[in-house]
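Student: Structure supplied as final_30.cif; contents: mmCIF, C-alpha atoms.
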data_upload
#
loop_
_atom_site.label_atom_id
_atom_site.label_comp_id
_atom_site.auth_asym_id
_atom_site.auth_seq_id
_atom_site.Cartn_x
_atom_site.Cartn_y
_atom_site.Cartn_z
CA MET A 8 17.19 6.60 -9.90
CA SER A 9 15.01 9.17 -8.29
CA GLY A 10 15.40 12.16 -10.61
CA HIS A 11 12.38 12.84 -12.78
CA ILE A 12 13.16 12.20 -16.45
CA VAL A 13 11.67 15.00 -18.52
CA PRO A 14 10.60 13.92 -22.03
CA VAL A 15 12.80 15.30 -24.82
CA ARG A 16 9.81 16.93 -26.53
CA VAL A 17 9.28 19.13 -23.43
CA TYR A 18 12.89 20.35 -23.73
CA ILE A 19 12.40 21.05 -27.45
CA GLY A 20 9.15 22.92 -26.71
CA VAL A 21 10.84 25.07 -24.06
CA PHE A 22 13.77 25.75 -26.41
CA LEU A 23 11.44 26.88 -29.23
CA SER A 24 9.41 29.07 -26.83
CA LEU A 25 12.64 30.71 -25.65
CA LEU A 26 13.68 31.40 -29.24
CA VAL A 27 10.28 32.91 -30.08
CA LEU A 28 10.39 35.10 -26.95
CA THR A 29 13.90 36.27 -27.87
CA GLY A 30 12.57 37.24 -31.32
CA VAL A 31 9.56 39.04 -29.83
CA THR A 32 11.61 41.01 -27.29
CA THR A 33 14.10 42.07 -30.00
CA TRP A 34 11.22 43.11 -32.31
CA VAL A 35 9.48 45.14 -29.57
CA ALA A 36 12.73 47.06 -28.94
CA PHE A 37 12.26 48.75 -32.35
CA ILE A 38 8.75 50.02 -31.52
CA ASP A 39 8.40 53.22 -29.50
CA LEU A 40 6.26 52.42 -26.46
CA GLY A 41 7.91 54.89 -24.13
CA PRO A 42 8.57 53.50 -20.64
CA VAL A 43 6.48 50.43 -21.52
CA ASN A 44 9.45 49.16 -23.59
CA THR A 45 11.40 48.51 -20.39
CA VAL A 46 8.43 46.81 -18.73
CA VAL A 47 7.85 44.52 -21.74
CA ALA A 48 11.56 43.64 -22.04
CA LEU A 49 11.82 42.73 -18.34
CA ALA A 50 8.50 40.85 -18.36
CA ILE A 51 9.63 38.71 -21.32
CA ALA A 52 13.01 38.11 -19.64
CA THR A 53 11.18 36.97 -16.48
CA VAL A 54 9.01 34.54 -18.46
CA LYS A 55 12.13 33.16 -20.15
CA MET A 56 13.82 32.79 -16.75
CA LEU A 57 10.80 30.89 -15.37
CA LEU A 58 10.82 28.53 -18.38
CA VAL A 59 14.52 27.78 -17.84
CA ILE A 60 14.15 27.33 -14.06
CA LEU A 61 11.00 25.20 -14.18
CA PHE A 62 11.92 22.87 -17.04
CA PHE A 63 15.67 22.95 -17.85
CA MET A 64 16.53 23.16 -14.13
CA HIS A 65 13.81 20.65 -13.17
CA VAL A 66 12.32 22.83 -10.41
CA ARG A 67 8.81 21.88 -11.60
CA TYR A 68 9.67 18.34 -10.51
CA SER A 69 11.74 19.16 -7.42
CA GLY A 70 10.86 18.98 -3.74
CA GLY A 71 9.51 21.71 -1.47
CA LEU A 72 12.83 22.31 0.30
CA THR A 73 14.62 23.25 -2.93
CA ARG A 74 11.74 25.53 -3.90
CA VAL A 75 11.81 27.35 -0.55
CA VAL A 76 15.57 27.96 -0.88
CA ILE A 77 15.12 29.36 -4.42
CA LEU A 78 12.23 31.61 -3.36
CA ALA A 79 14.26 32.83 -0.37
CA GLY A 80 17.11 33.65 -2.75
CA PHE A 81 14.83 35.75 -4.94
CA LEU A 82 13.30 37.41 -1.88
CA TRP A 83 16.79 38.49 -0.79
CA LEU A 84 17.53 39.74 -4.31
CA ALA A 85 14.29 41.77 -4.21
CA LEU A 86 15.34 43.24 -0.83
CA LEU A 87 18.80 44.07 -2.16
CA ILE A 88 17.43 45.91 -5.18
CA ALA A 89 14.32 47.49 -3.61
CA LEU A 90 16.03 48.85 -0.50
CA THR A 91 19.05 50.10 -2.46
CA LEU A 92 16.79 51.90 -4.93
CA THR A 93 14.53 53.46 -2.28
CA ASP A 94 17.67 54.84 -0.63
CA ALA A 95 19.24 56.09 -3.87
CA PHE A 96 16.07 57.69 -5.22
CA THR A 97 15.05 59.54 -2.04
CA ARG A 98 18.37 61.15 -1.12
CA GLN A 99 19.18 64.80 -1.40
CA TRP A 100 22.42 65.01 -3.32
CA SER A 101 24.75 67.94 -2.75
CA PRO A 102 25.43 70.03 -5.86
CA LEU A 103 28.57 69.42 -7.92
CA PRO A 104 31.54 71.58 -6.90
CA GLU A 105 32.56 74.43 -9.18
CA GLY A 106 34.22 73.24 -12.38
CA TRP A 107 33.02 69.59 -12.07
CA GLY A 108 30.30 69.98 -14.68
CA ALA A 109 29.97 67.07 -17.12
CA SER A 110 31.51 67.61 -20.52
CA THR A 111 29.25 67.28 -23.55
CA ALA A 112 29.47 65.26 -26.73
CA THR A 113 31.71 67.57 -28.70
CA PRO A 114 33.76 65.59 -31.24
CA GLN A 115 37.11 64.59 -29.80
CA SER A 116 40.09 63.37 -31.77
CA PRO A 117 40.48 59.61 -31.24
CA ARG A 118 43.68 58.65 -29.58
CA MET B 5 18.15 0.40 0.37
CA HIS B 6 21.09 -0.13 2.74
CA ASP B 7 22.51 -2.97 0.79
CA ALA B 8 25.46 -3.58 -1.48
CA ALA B 9 23.39 -2.91 -4.57
CA ALA B 10 22.52 0.58 -3.34
CA HIS B 11 26.18 1.35 -2.68
CA SER B 12 27.16 0.21 -6.14
CA TYR B 13 24.60 2.75 -7.37
CA GLY B 14 26.53 5.48 -5.61
CA LEU B 15 24.49 5.86 -2.40
CA ALA B 16 26.66 7.37 0.34
CA HIS B 17 26.02 5.77 3.73
CA HIS B 18 25.01 9.02 5.46
CA PHE B 19 21.88 9.30 3.32
CA GLU B 20 18.64 7.44 3.99
CA ASP B 21 18.06 6.62 0.37
CA ILE B 22 18.99 7.63 -3.15
CA GLU B 23 16.08 10.10 -3.27
CA GLN B 24 17.41 12.03 -0.27
CA GLN B 25 20.95 12.03 -1.67
CA HIS B 26 19.66 13.38 -4.98
CA GLU B 27 17.72 16.19 -3.31
CA ALA B 28 20.66 17.09 -1.04
CA GLY B 29 23.00 17.41 -4.01
CA ASN B 30 20.65 19.64 -5.95
CA LEU B 31 19.84 21.71 -2.86
CA GLY B 32 23.55 22.32 -2.24
CA MET B 33 23.99 23.52 -5.81
CA TRP B 34 20.99 25.82 -5.49
CA VAL B 35 22.41 27.36 -2.31
CA PHE B 36 25.57 28.15 -4.28
CA LEU B 37 23.50 29.57 -7.15
CA VAL B 38 21.63 31.82 -4.69
CA THR B 39 24.99 33.32 -3.68
CA GLU B 40 25.65 33.84 -7.39
CA ILE B 41 22.26 35.54 -7.77
CA MET B 42 23.24 37.97 -5.00
CA PHE B 43 26.70 38.42 -6.58
CA PHE B 44 25.20 39.51 -9.92
CA GLY B 45 22.33 41.23 -8.07
CA GLY B 46 24.68 43.90 -6.74
CA LEU B 47 25.70 44.77 -10.31
CA PHE B 48 22.06 44.83 -11.44
CA ALA B 49 21.14 47.18 -8.56
CA GLY B 50 24.06 49.49 -9.41
CA TYR B 51 23.06 49.45 -13.05
CA ALA B 52 19.44 50.38 -12.16
CA ILE B 53 20.56 53.34 -10.05
CA TYR B 54 22.96 54.83 -12.60
CA ARG B 55 20.63 54.15 -15.51
CA ALA B 56 17.88 56.10 -13.71
CA GLU B 57 20.36 58.84 -12.84
CA TYR B 58 21.93 59.22 -16.31
CA LEU B 59 19.16 57.89 -18.56
CA PRO B 60 20.07 59.79 -21.79
CA ALA B 61 23.73 58.70 -21.62
CA PHE B 62 22.80 55.08 -20.86
CA GLU B 63 20.37 55.05 -23.78
CA ALA B 64 23.02 56.56 -26.05
CA GLY B 65 25.50 53.90 -24.90
CA SER B 66 22.97 51.12 -25.44
CA ARG B 67 22.37 52.24 -29.03
CA LEU B 68 26.10 51.82 -29.73
CA LEU B 69 25.84 48.05 -29.11
CA ASP B 70 25.25 45.62 -31.98
CA ILE B 71 21.72 44.30 -31.40
CA GLN B 72 22.04 41.58 -34.07
CA LEU B 73 25.12 40.08 -32.45
CA GLY B 74 23.42 40.34 -29.04
CA ALA B 75 20.26 38.57 -30.24
CA THR B 76 22.33 35.91 -32.05
CA ASN B 77 24.30 35.27 -28.89
CA THR B 78 21.07 34.93 -26.90
CA ALA B 79 19.87 32.26 -29.33
CA VAL B 80 23.26 30.48 -29.21
CA LEU B 81 23.21 30.40 -25.41
CA ILE B 82 19.62 29.14 -25.30
CA GLY B 83 20.70 26.42 -27.73
CA SER B 84 23.56 25.47 -25.40
CA SER B 85 21.08 25.22 -22.52
CA LEU B 86 19.01 22.80 -24.61
CA THR B 87 22.03 20.62 -25.40
CA MET B 88 23.03 20.69 -21.70
CA ALA B 89 19.52 19.57 -20.71
CA LEU B 90 19.78 16.80 -23.32
CA ALA B 91 23.18 15.78 -21.91
CA VAL B 92 21.56 15.38 -18.47
CA HIS B 93 18.75 13.42 -20.12
CA ALA B 94 21.30 11.15 -21.82
CA ALA B 95 23.02 10.57 -18.46
CA GLN B 96 19.68 9.77 -16.78
CA THR B 97 18.88 7.23 -19.47
CA GLY B 98 22.44 5.86 -19.50
CA LYS B 99 23.37 6.67 -23.10
CA ARG B 100 27.12 7.19 -23.08
CA ASN B 101 27.65 8.35 -26.67
CA ALA B 102 24.75 10.81 -26.45
CA GLN B 103 26.23 12.26 -23.22
CA VAL B 104 29.60 12.85 -24.86
CA PHE B 105 27.95 14.25 -28.01
CA PHE B 106 25.70 16.72 -26.18
CA LEU B 107 28.44 17.83 -23.78
CA LEU B 108 30.76 18.53 -26.72
CA LEU B 109 27.95 20.34 -28.54
CA THR B 110 27.35 22.47 -25.42
CA MET B 111 31.04 23.38 -25.39
CA VAL B 112 30.97 24.24 -29.10
CA LEU B 113 27.96 26.54 -28.57
CA GLY B 114 29.64 28.08 -25.51
CA ALA B 115 32.77 28.72 -27.59
CA THR B 116 30.58 30.25 -30.35
CA PHE B 117 29.08 32.61 -27.78
CA LEU B 118 32.52 33.65 -26.56
CA GLY B 119 33.71 34.05 -30.16
CA ILE B 120 30.83 36.42 -30.96
CA LYS B 121 31.53 38.23 -27.68
CA TYR B 122 35.15 38.62 -28.78
CA VAL B 123 34.01 40.15 -32.10
CA GLU B 124 31.84 42.61 -30.16
CA TYR B 125 34.68 43.54 -27.80
CA ALA B 126 36.99 44.05 -30.81
CA HIS B 127 34.41 46.40 -32.37
CA LYS B 128 34.25 48.37 -29.13
CA TRP B 129 38.02 48.69 -29.17
CA GLU B 130 38.07 49.82 -32.83
CA HIS B 131 35.30 52.35 -32.22
CA HIS B 132 37.01 53.80 -29.12
CA LEU B 133 34.38 52.61 -26.67
CA VAL B 134 36.59 51.01 -24.01
CA PRO B 135 36.29 53.08 -20.82
CA GLY B 136 39.53 54.18 -19.24
CA LEU B 137 41.80 52.80 -21.96
CA ARG B 138 40.42 54.10 -25.23
CA PHE B 139 37.26 56.16 -24.98
CA ALA B 140 36.27 58.75 -27.60
CA PRO B 141 33.18 57.59 -29.53
CA ASP B 142 33.48 57.93 -33.31
CA GLU B 143 29.70 57.93 -33.72
CA MET B 144 27.81 61.18 -33.41
CA LEU B 145 25.91 61.29 -30.15
CA LYS B 146 22.98 63.59 -29.49
CA PRO B 147 24.22 67.06 -28.55
CA GLY B 148 24.38 67.41 -24.80
CA THR B 149 25.06 63.72 -24.14
CA SER B 150 27.49 63.49 -21.25
CA LEU B 151 30.55 61.54 -22.40
CA PRO B 152 31.71 60.56 -18.89
CA ASN B 153 28.25 59.11 -18.27
CA VAL B 154 28.36 57.13 -21.54
CA GLN B 155 31.71 55.89 -20.32
CA LEU B 156 30.05 54.77 -17.09
CA TYR B 157 27.53 52.80 -19.17
CA PHE B 158 30.40 51.02 -20.90
CA CYS B 159 31.99 50.28 -17.52
CA PHE B 160 28.79 48.42 -16.61
CA TYR B 161 28.71 46.79 -20.05
CA PHE B 162 32.24 45.43 -19.76
CA PHE B 163 31.96 44.41 -16.10
CA MET B 164 28.62 42.63 -16.50
CA THR B 165 29.36 40.88 -19.80
CA GLY B 166 32.93 40.20 -18.70
CA LEU B 167 31.84 38.58 -15.45
CA HIS B 168 29.28 36.57 -17.40
CA ALA B 169 31.94 35.49 -19.92
CA LEU B 170 34.20 34.42 -17.04
CA HIS B 171 31.37 32.20 -15.76
CA MET B 172 31.07 30.70 -19.26
CA ILE B 173 34.81 29.95 -19.38
CA ILE B 174 34.62 28.24 -15.97
CA GLY B 175 31.54 26.33 -17.18
CA MET B 176 33.41 25.10 -20.25
CA GLY B 177 36.23 23.86 -18.04
CA ILE B 178 33.65 21.89 -16.03
CA MET B 179 32.19 20.54 -19.31
CA ALA B 180 35.64 19.32 -20.37
CA VAL B 181 36.00 17.32 -17.13
CA LEU B 182 32.44 15.96 -17.49
CA THR B 183 33.07 14.92 -21.10
CA ARG B 184 36.10 12.93 -20.01
CA MET B 185 34.12 11.27 -17.21
CA ALA B 186 31.22 10.55 -19.57
CA TRP B 187 33.63 9.09 -22.16
CA LYS B 188 34.93 6.69 -19.50
CA GLY B 189 31.35 5.63 -18.83
CA ARG B 190 31.21 6.99 -15.29
CA PHE B 191 27.59 8.11 -15.50
CA HIS B 192 24.54 5.87 -15.68
CA SER B 193 20.90 5.97 -14.65
CA GLY B 194 21.94 5.40 -11.03
CA TYR B 195 24.68 8.04 -10.87
CA TYR B 196 24.64 11.28 -12.82
CA ALA B 197 24.78 13.97 -10.10
CA PRO B 198 27.87 15.76 -11.53
CA VAL B 199 26.17 16.21 -14.92
CA GLU B 200 22.90 17.38 -13.38
CA VAL B 201 24.52 19.82 -10.93
CA SER B 202 26.81 21.26 -13.63
CA GLY B 203 23.71 21.62 -15.79
CA LEU B 204 22.12 23.78 -13.08
CA TYR B 205 25.20 26.03 -13.16
CA TRP B 206 25.11 26.28 -16.96
CA HIS B 207 21.39 27.17 -17.00
CA PHE B 208 22.01 29.80 -14.33
CA VAL B 209 24.64 31.46 -16.54
CA ASP B 210 22.08 31.35 -19.36
CA ILE B 211 19.53 33.15 -17.13
CA VAL B 212 22.03 35.91 -16.31
CA TRP B 213 22.41 36.53 -20.05
CA ILE B 214 18.62 36.43 -20.53
CA PHE B 215 18.55 39.57 -18.33
CA LEU B 216 21.75 41.18 -19.59
CA PHE B 217 20.49 41.13 -23.19
CA PRO B 218 17.40 43.35 -22.64
CA LEU B 219 19.07 45.54 -20.00
CA LEU B 220 22.17 46.33 -22.06
CA TYR B 221 21.02 46.00 -25.68
CA LEU B 222 17.26 46.48 -25.91
CA ILE B 223 15.88 49.13 -23.56
CA GLY B 224 17.95 52.00 -24.93
CA GLY B 225 15.31 52.85 -27.54
CA ARG B 226 16.16 51.51 -31.00
CA TYR B 227 13.35 53.28 -32.83
#
Written as C-alpha cells, how would this file's structure read?

Tutor:
Amino acid sequence: MSGHIVPVRVYIGVFLSLLVLTGVTTWVAFIDLGPVNTVVALAIATVKMLLVILFFMHVRYSGGLTRVVILAGFLWLALLIALTLTDAFTRQWSPLPEGWGASTATPQSPR
Amino acid sequence: MHDAAAHSYGLAHHFEDIEQQHEAGNLGMWVFLVTEIMFFGGLFAGYAIYRAEYLPAFEAGSRLLDIQLGATNTAVLIGSSLTMALAVHAAQTGKRNAQVFFLLLTMVLGATFLGIKYVEYAHKWEHHLVPGLRFAPDEMLKPGTSLPNVQLYFCFYFFMTGLHALHMIIGMGIMAVLTRMAWKGRFHSGYYAPVEVSGLYWHFVDIVWIFLFPLLYLIGGRY
C-alpha cells in the first residue's frame, strides 16, 4: 500500500531520544537557572513533540496537504494563547473589595 | 486501479487510488486532532495566565507533586507510543501476531500509566490536596503562600491530568476493538487505516502529556 514503512530502528532511535530528553528535562529541573528553567523545559518538550509528530505520526513522510492542516492548527493555537495573554497581561484590574484579601498559609486542622 | 483487485484491497470507489484514500483518512484524523489541540489549548492558556498571576502559589503547588512518579509516567507513555508505532508497523507488514502483541502491550503500558496516576491521586487525597472536597495541605508552605491560589493550581492539575486520563481511557477502548480486529486478521499491508489513525490519536495523547509533565511537575523550582 501507499503508506511509507518506517524502519523499526528509526522508531527505536526516536524512543531512546525521547527517554534521554525526559531524563535531561527532569535533571535540569533541580538546577536553579531562574526563568531559564521554564524556557529549557518548554524547549525540550517542543523537541520531544516534533520527534513524535515527525516520526511516530509519520508527518516526515506525509503529503503537503496534511502538513498545511497541522501548521494551521498550531497557528490557531498560537493565536489563542498569544491574544489571550496580551489581553490578560495588559488589563487594569480593579482592586479587591474590602475583606476579600487572600488568606495565608497558616496551619489549618485537616478535615 | 479501478479493478476488482483494488476493491479487495479496500479501495472505496469515490477515491482515485489507494494513495489518495490513505491521505484522506490521515487528513481527516489530523483535522480532528487539531480540534483536540484547541480543546487542550484553552486549558494551557488559562494555566499560563493564572501561573503568571499567582506564581509563588503555583510553584508551591508544583513542589507538592511527586516528580519521580511524573517522570516514570512520562517514560511509560513514551514506551506505549513506541509499541503503538510498532503495532502500525506490524499492520503495514501484515504480521498478525505482532499486531496483537504490540496492541496488547500498548494497553498494558496505558493501564500502567493510569495505575501510577491513581497512586498519585490517592496521595493527593491523603495529603488533603483535593480542591473543593478536601483541601488543607499537611506540608509546610512558605509563609505568605496564598492557600486559595494553591488550590487553584490543584484545580488545573486535576482538570488537565483528568482530561488527559479520560483520553487515555478512550484510547484503551479503541485499542481493545483494534486488538479484536487484528486477532481476526482484518488488517494487512493493503488495509490498516484503523490502526494507523488510532495510532495518531494515541501519539497525540502522548504529546499532551509531554507538555503537562514540565508545566505541572518541573517548572515549579525543585532546587

Student: When the cut-off is 8 Å and we count only C-alpha atoms, which residues of chain B are near chain A, given as a PyMOL selection string?

Tutor: chain B and resi 22-23+26-27+30-31+34-35+38-39+41-42+45-46+48-49+52-53+75+78-79+82-83+85-86+89-90+93+96+132+138-142+144-152+193-195+203-204+207+211+214-215+218-219+222-223+225-227

Student: Since we have the selection now, will you write its residues out, keeping C-alpha atoms, as a PDB file, keeping the file's coordinate frame?

Tutor:
ATOM      1  CA  ILE B  22      18.990   7.630  -3.150  1.00  0.00           C
ATOM      2  CA  GLU B  23      16.080  10.100  -3.270  1.00  0.00           C
ATOM      3  CA  HIS B  26      19.660  13.380  -4.980  1.00  0.00           C
ATOM      4  CA  GLU B  27      17.720  16.190  -3.310  1.00  0.00           C
ATOM      5  CA  ASN B  30      20.650  19.640  -5.950  1.00  0.00           C
ATOM      6  CA  LEU B  31      19.840  21.710  -2.860  1.00  0.00           C
ATOM      7  CA  TRP B  34      20.990  25.820  -5.490  1.00  0.00           C
ATOM      8  CA  VAL B  35      22.410  27.360  -2.310  1.00  0.00           C
ATOM      9  CA  VAL B  38      21.630  31.820  -4.690  1.00  0.00           C
ATOM     10  CA  THR B  39      24.990  33.320  -3.680  1.00  0.00           C
ATOM     11  CA  ILE B  41      22.260  35.540  -7.770  1.00  0.00           C
ATOM     12  CA  MET B  42      23.240  37.970  -5.000  1.00  0.00           C
ATOM     13  CA  GLY B  45      22.330  41.230  -8.070  1.00  0.00           C
ATOM     14  CA  GLY B  46      24.680  43.900  -6.740  1.00  0.00           C
ATOM     15  CA  PHE B  48      22.060  44.830 -11.440  1.00  0.00           C
ATOM     16  CA  ALA B  49      21.140  47.180  -8.560  1.00  0.00           C
ATOM     17  CA  ALA B  52      19.440  50.380 -12.160  1.00  0.00           C
ATOM     18  CA  ILE B  53      20.560  53.340 -10.050  1.00  0.00           C
ATOM     19  CA  ALA B  75      20.260  38.570 -30.240  1.00  0.00           C
ATOM     20  CA  THR B  78      21.070  34.930 -26.900  1.00  0.00           C
ATOM     21  CA  ALA B  79      19.870  32.260 -29.330  1.00  0.00           C
ATOM     22  CA  ILE B  82      19.620  29.140 -25.300  1.00  0.00           C
ATOM     23  CA  GLY B  83      20.700  26.420 -27.730  1.00  0.00           C
ATOM     24  CA  SER B  85      21.080  25.220 -22.520  1.00  0.00           C
ATOM     25  CA  LEU B  86      19.010  22.800 -24.610  1.00  0.00           C
ATOM     26  CA  ALA B  89      19.520  19.570 -20.710  1.00  0.00           C
ATOM     27  CA  LEU B  90      19.780  16.800 -23.320  1.00  0.00           C
ATOM     28  CA  HIS B  93      18.750  13.420 -20.120  1.00  0.00           C
ATOM     29  CA  GLN B  96      19.680   9.770 -16.780  1.00  0.00           C
ATOM     30  CA  HIS B 132      37.010  53.800 -29.120  1.00  0.00           C
ATOM     31  CA  ARG B 138      40.420  54.100 -25.230  1.00  0.00           C
ATOM     32  CA  PHE B 139      37.260  56.160 -24.980  1.00  0.00           C
ATOM     33  CA  ALA B 140      36.270  58.750 -27.600  1.00  0.00           C
ATOM     34  CA  PRO B 141      33.180  57.590 -29.530  1.00  0.00           C
ATOM     35  CA  ASP B 142      33.480  57.930 -33.310  1.00  0.00           C
ATOM     36  CA  MET B 144      27.810  61.180 -33.410  1.00  0.00           C
ATOM     37  CA  LEU B 145      25.910  61.290 -30.150  1.00  0.00           C
ATOM     38  CA  LYS B 146      22.980  63.590 -29.490  1.00  0.00           C
ATOM     39  CA  PRO B 147      24.220  67.060 -28.550  1.00  0.00           C
ATOM     40  CA  GLY B 148      24.380  67.410 -24.800  1.00  0.00           C
ATOM     41  CA  THR B 149      25.060  63.720 -24.140  1.00  0.00           C
ATOM     42  CA  SER B 150      27.490  63.490 -21.250  1.00  0.00           C
ATOM     43  CA  LEU B 151      30.550  61.540 -22.400  1.00  0.00           C
ATOM     44  CA  PRO B 152      31.710  60.560 -18.890  1.00  0.00           C
ATOM     45  CA  SER B 193      20.900   5.970 -14.650  1.00  0.00           C
ATOM     46  CA  GLY B 194      21.940   5.400 -11.030  1.00  0.00           C
ATOM     47  CA  TYR B 195      24.680   8.040 -10.870  1.00  0.00           C
ATOM     48  CA  GLY B 203      23.710  21.620 -15.790  1.00  0.00           C
ATOM     49  CA  LEU B 204      22.120  23.780 -13.080  1.00  0.00           C
ATOM     50  CA  HIS B 207      21.390  27.170 -17.000  1.00  0.00           C
ATOM     51  CA  ILE B 211      19.530  33.150 -17.130  1.00  0.00           C
ATOM     52  CA  ILE B 214      18.620  36.430 -20.530  1.00  0.00           C
ATOM     53  CA  PHE B 215      18.550  39.570 -18.330  1.00  0.00           C
ATOM     54  CA  PRO B 218      17.400  43.350 -22.640  1.00  0.00           C
ATOM     55  CA  LEU B 219      19.070  45.540 -20.000  1.00  0.00           C
ATOM     56  CA  LEU B 222      17.260  46.480 -25.910  1.00  0.00           C
ATOM     57  CA  ILE B 223      15.880  49.130 -23.560  1.00  0.00           C
ATOM     58  CA  GLY B 225      15.310  52.850 -27.540  1.00  0.00           C
ATOM     59  CA  ARG B 226      16.160  51.510 -31.000  1.00  0.00           C
ATOM     60  CA  TYR B 227      13.350  53.280 -32.830  1.00  0.00           C
TER      61      TYR B 227
END

Student: With distances taken over all atoms listed in the file, which of A:Leu86, A:Val17, A:Pro104, A:Ala50 is nearest to Val31 in chain A?

Tutor: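 Ranked by minimum distance to Val31 in chain A, first place goes to A:Ala50.
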
Student: Which one of B:Leu68, B:Ile173, B:Met164, B:Leu59 sits closest to Phe117 in chain B if you count only C-alpha atoms?

Tutor: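 Under the stated criterion, the closest residue is B:Ile173.
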
Student: What separation in Å, quoted to one decimal, exists between CA of Pro135 in chain B and CA of Tyr161 in chain B?

Tutor: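 Taking CA of Pro135 in chain B as the start and CA of Tyr161 in chain B as the end point, the length is 9.9 Å.
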
Student: For each of B:Ala115, B:Val201, B:Leu216, B:Leu69, take the minimum atom-to-atom distance to Leu37 in chain B, counting all atoms listed in the file, then give the residue where this is smallest.

Tutor: B:Val201

Student: Quick one: distance from CA of Thr97 in chain B to CA of His192 in chain B in Å, one decimal?

Tutor: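 So the answer is 6.9 Å.
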
Student: Just how far from CA of Gly65 in chain B is CA of Phe162 in chain B, in Å to one decimal?

Tutor: 12.0 Å

Student: For the structure provided, state which residues fall under the PyMOL selection byres ((chain B and resi 187-190) around 9), and present them as a list in words.

Tutor: Gly98, Arg100, Asn101, Gln103, Val104, Leu182, Thr183, Arg184, Met185, Ala186, Phe191, His192, Tyr195 and Tyr196 of chain B

Student: Point out the residue among B:Asp21, B:Met179, B:Arg67, B:Leu15 with the least atom-to-atom distance to Glu200 in chain B, counting all atoms listed in the file.

Tutor: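 Comparing B:Asp21, B:Met179, B:Arg67, B:Leu15 against Glu200 in chain B, the winner is B:Met179.
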
Student: Name the residues that the PyMOL selection byres ((chain B and resi 77) around 10) pulls out of this structure, and write them as a tab-separated table (two decimals) with C-alpha atoms, in the coordinates of the input.

Tutor:
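What follows is the written file out_37.tsv:
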chain	number	residue	atom	x	y	z
B	71	ILE	CA	21.72	44.30	-31.40
B	72	GLN	CA	22.04	41.58	-34.07
B	73	LEU	CA	25.12	40.08	-32.45
B	74	GLY	CA	23.42	40.34	-29.04
B	75	ALA	CA	20.26	38.57	-30.24
B	76	THR	CA	22.33	35.91	-32.05
B	78	THR	CA	21.07	34.93	-26.90
B	79	ALA	CA	19.87	32.26	-29.33
B	80	VAL	CA	23.26	30.48	-29.21
B	81	LEU	CA	23.21	30.40	-25.41
B	82	ILE	CA	19.62	29.14	-25.30
B	83	GLY	CA	20.70	26.42	-27.73
B	113	LEU	CA	27.96	26.54	-28.57
B	114	GLY	CA	29.64	28.08	-25.51
B	116	THR	CA	30.58	30.25	-30.35
B	117	PHE	CA	29.08	32.61	-27.78
B	118	LEU	CA	32.52	33.65	-26.56
B	119	GLY	CA	33.71	34.05	-30.16
B	120	ILE	CA	30.83	36.42	-30.96
B	121	LYS	CA	31.53	38.23	-27.68
B	213	TRP	CA	22.41	36.53	-20.05
B	217	PHE	CA	20.49	41.13	-23.19

Student: So that all listed atoms of range 110-127 of chain B fit with 3 Å spare on each side, what axis-aligned box centre and edge lengths in Å, to one decimal, would you give as AutoDock Vina command-line options?

Tutor:
--center_x 32.2 --center_y 34.4 --center_z -28.9 --size_x 15.6 --size_y 29.9 --size_z 13.0

Student: Would you mind completing range 96-107 of chain A to N, CA and C atoms and writing the output as a PDB file, in the coordinates of the input?

Tutor:
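Output (out.pdb):
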ATOM      1  N   PHE A  96      16.999  56.780  -4.558  1.00  0.00           N
ATOM      2  CA  PHE A  96      16.070  57.690  -5.220  1.00  0.00           C
ATOM      3  C   PHE A  96      15.456  58.726  -4.273  1.00  0.00           C
ATOM      4  N   THR A  97      15.675  58.591  -2.966  1.00  0.00           N
ATOM      5  CA  THR A  97      15.050  59.540  -2.040  1.00  0.00           C
ATOM      6  C   THR A  97      16.079  60.424  -1.341  1.00  0.00           C
ATOM      7  N   ARG A  98      17.327  60.338  -1.762  1.00  0.00           N
ATOM      8  CA  ARG A  98      18.370  61.150  -1.120  1.00  0.00           C
ATOM      9  C   ARG A  98      18.426  62.539  -1.717  1.00  0.00           C
ATOM     10  N   GLN A  99      18.850  63.473  -0.893  1.00  0.00           N
ATOM     11  CA  GLN A  99      19.180  64.800  -1.400  1.00  0.00           C
ATOM     12  C   GLN A  99      20.665  64.800  -1.707  1.00  0.00           C
ATOM     13  N   TRP A 100      20.995  64.996  -2.968  1.00  0.00           N
ATOM     14  CA  TRP A 100      22.420  65.010  -3.320  1.00  0.00           C
ATOM     15  C   TRP A 100      22.941  66.441  -3.244  1.00  0.00           C
ATOM     16  N   SER A 101      24.161  66.590  -2.772  1.00  0.00           N
ATOM     17  CA  SER A 101      24.750  67.940  -2.750  1.00  0.00           C
ATOM     18  C   SER A 101      25.147  68.315  -4.175  1.00  0.00           C
ATOM     19  N   PRO A 102      25.102  69.619  -4.495  1.00  0.00           N
ATOM     20  CA  PRO A 102      25.430  70.030  -5.860  1.00  0.00           C
ATOM     21  C   PRO A 102      26.893  69.776  -6.185  1.00  0.00           C
ATOM     22  N   LEU A 103      27.192  69.651  -7.496  1.00  0.00           N
ATOM     23  CA  LEU A 103      28.570  69.420  -7.920  1.00  0.00           C
ATOM     24  C   LEU A 103      29.419  70.648  -7.581  1.00  0.00           C
ATOM     25  N   PRO A 104      30.651  70.439  -7.149  1.00  0.00           N
ATOM     26  CA  PRO A 104      31.540  71.580  -6.900  1.00  0.00           C
ATOM     27  C   PRO A 104      31.800  72.339  -8.201  1.00  0.00           C
ATOM     28  N   GLU A 105      32.238  73.561  -8.045  1.00  0.00           N
ATOM     29  CA  GLU A 105      32.560  74.430  -9.180  1.00  0.00           C
ATOM     30  C   GLU A 105      33.548  73.736 -10.118  1.00  0.00           C
ATOM     31  N   GLY A 106      33.270  73.782 -11.422  1.00  0.00           N
ATOM     32  CA  GLY A 106      34.220  73.240 -12.380  1.00  0.00           C
ATOM     33  C   GLY A 106      34.143  71.731 -12.582  1.00  0.00           C
ATOM     34  N   TRP A 107      33.151  71.041 -11.928  1.00  0.00           N
ATOM     35  CA  TRP A 107      33.020  69.590 -12.070  1.00  0.00           C
ATOM     36  C   TRP A 107      31.929  69.234 -13.067  1.00  0.00           C
TER      37      TRP A 107
END
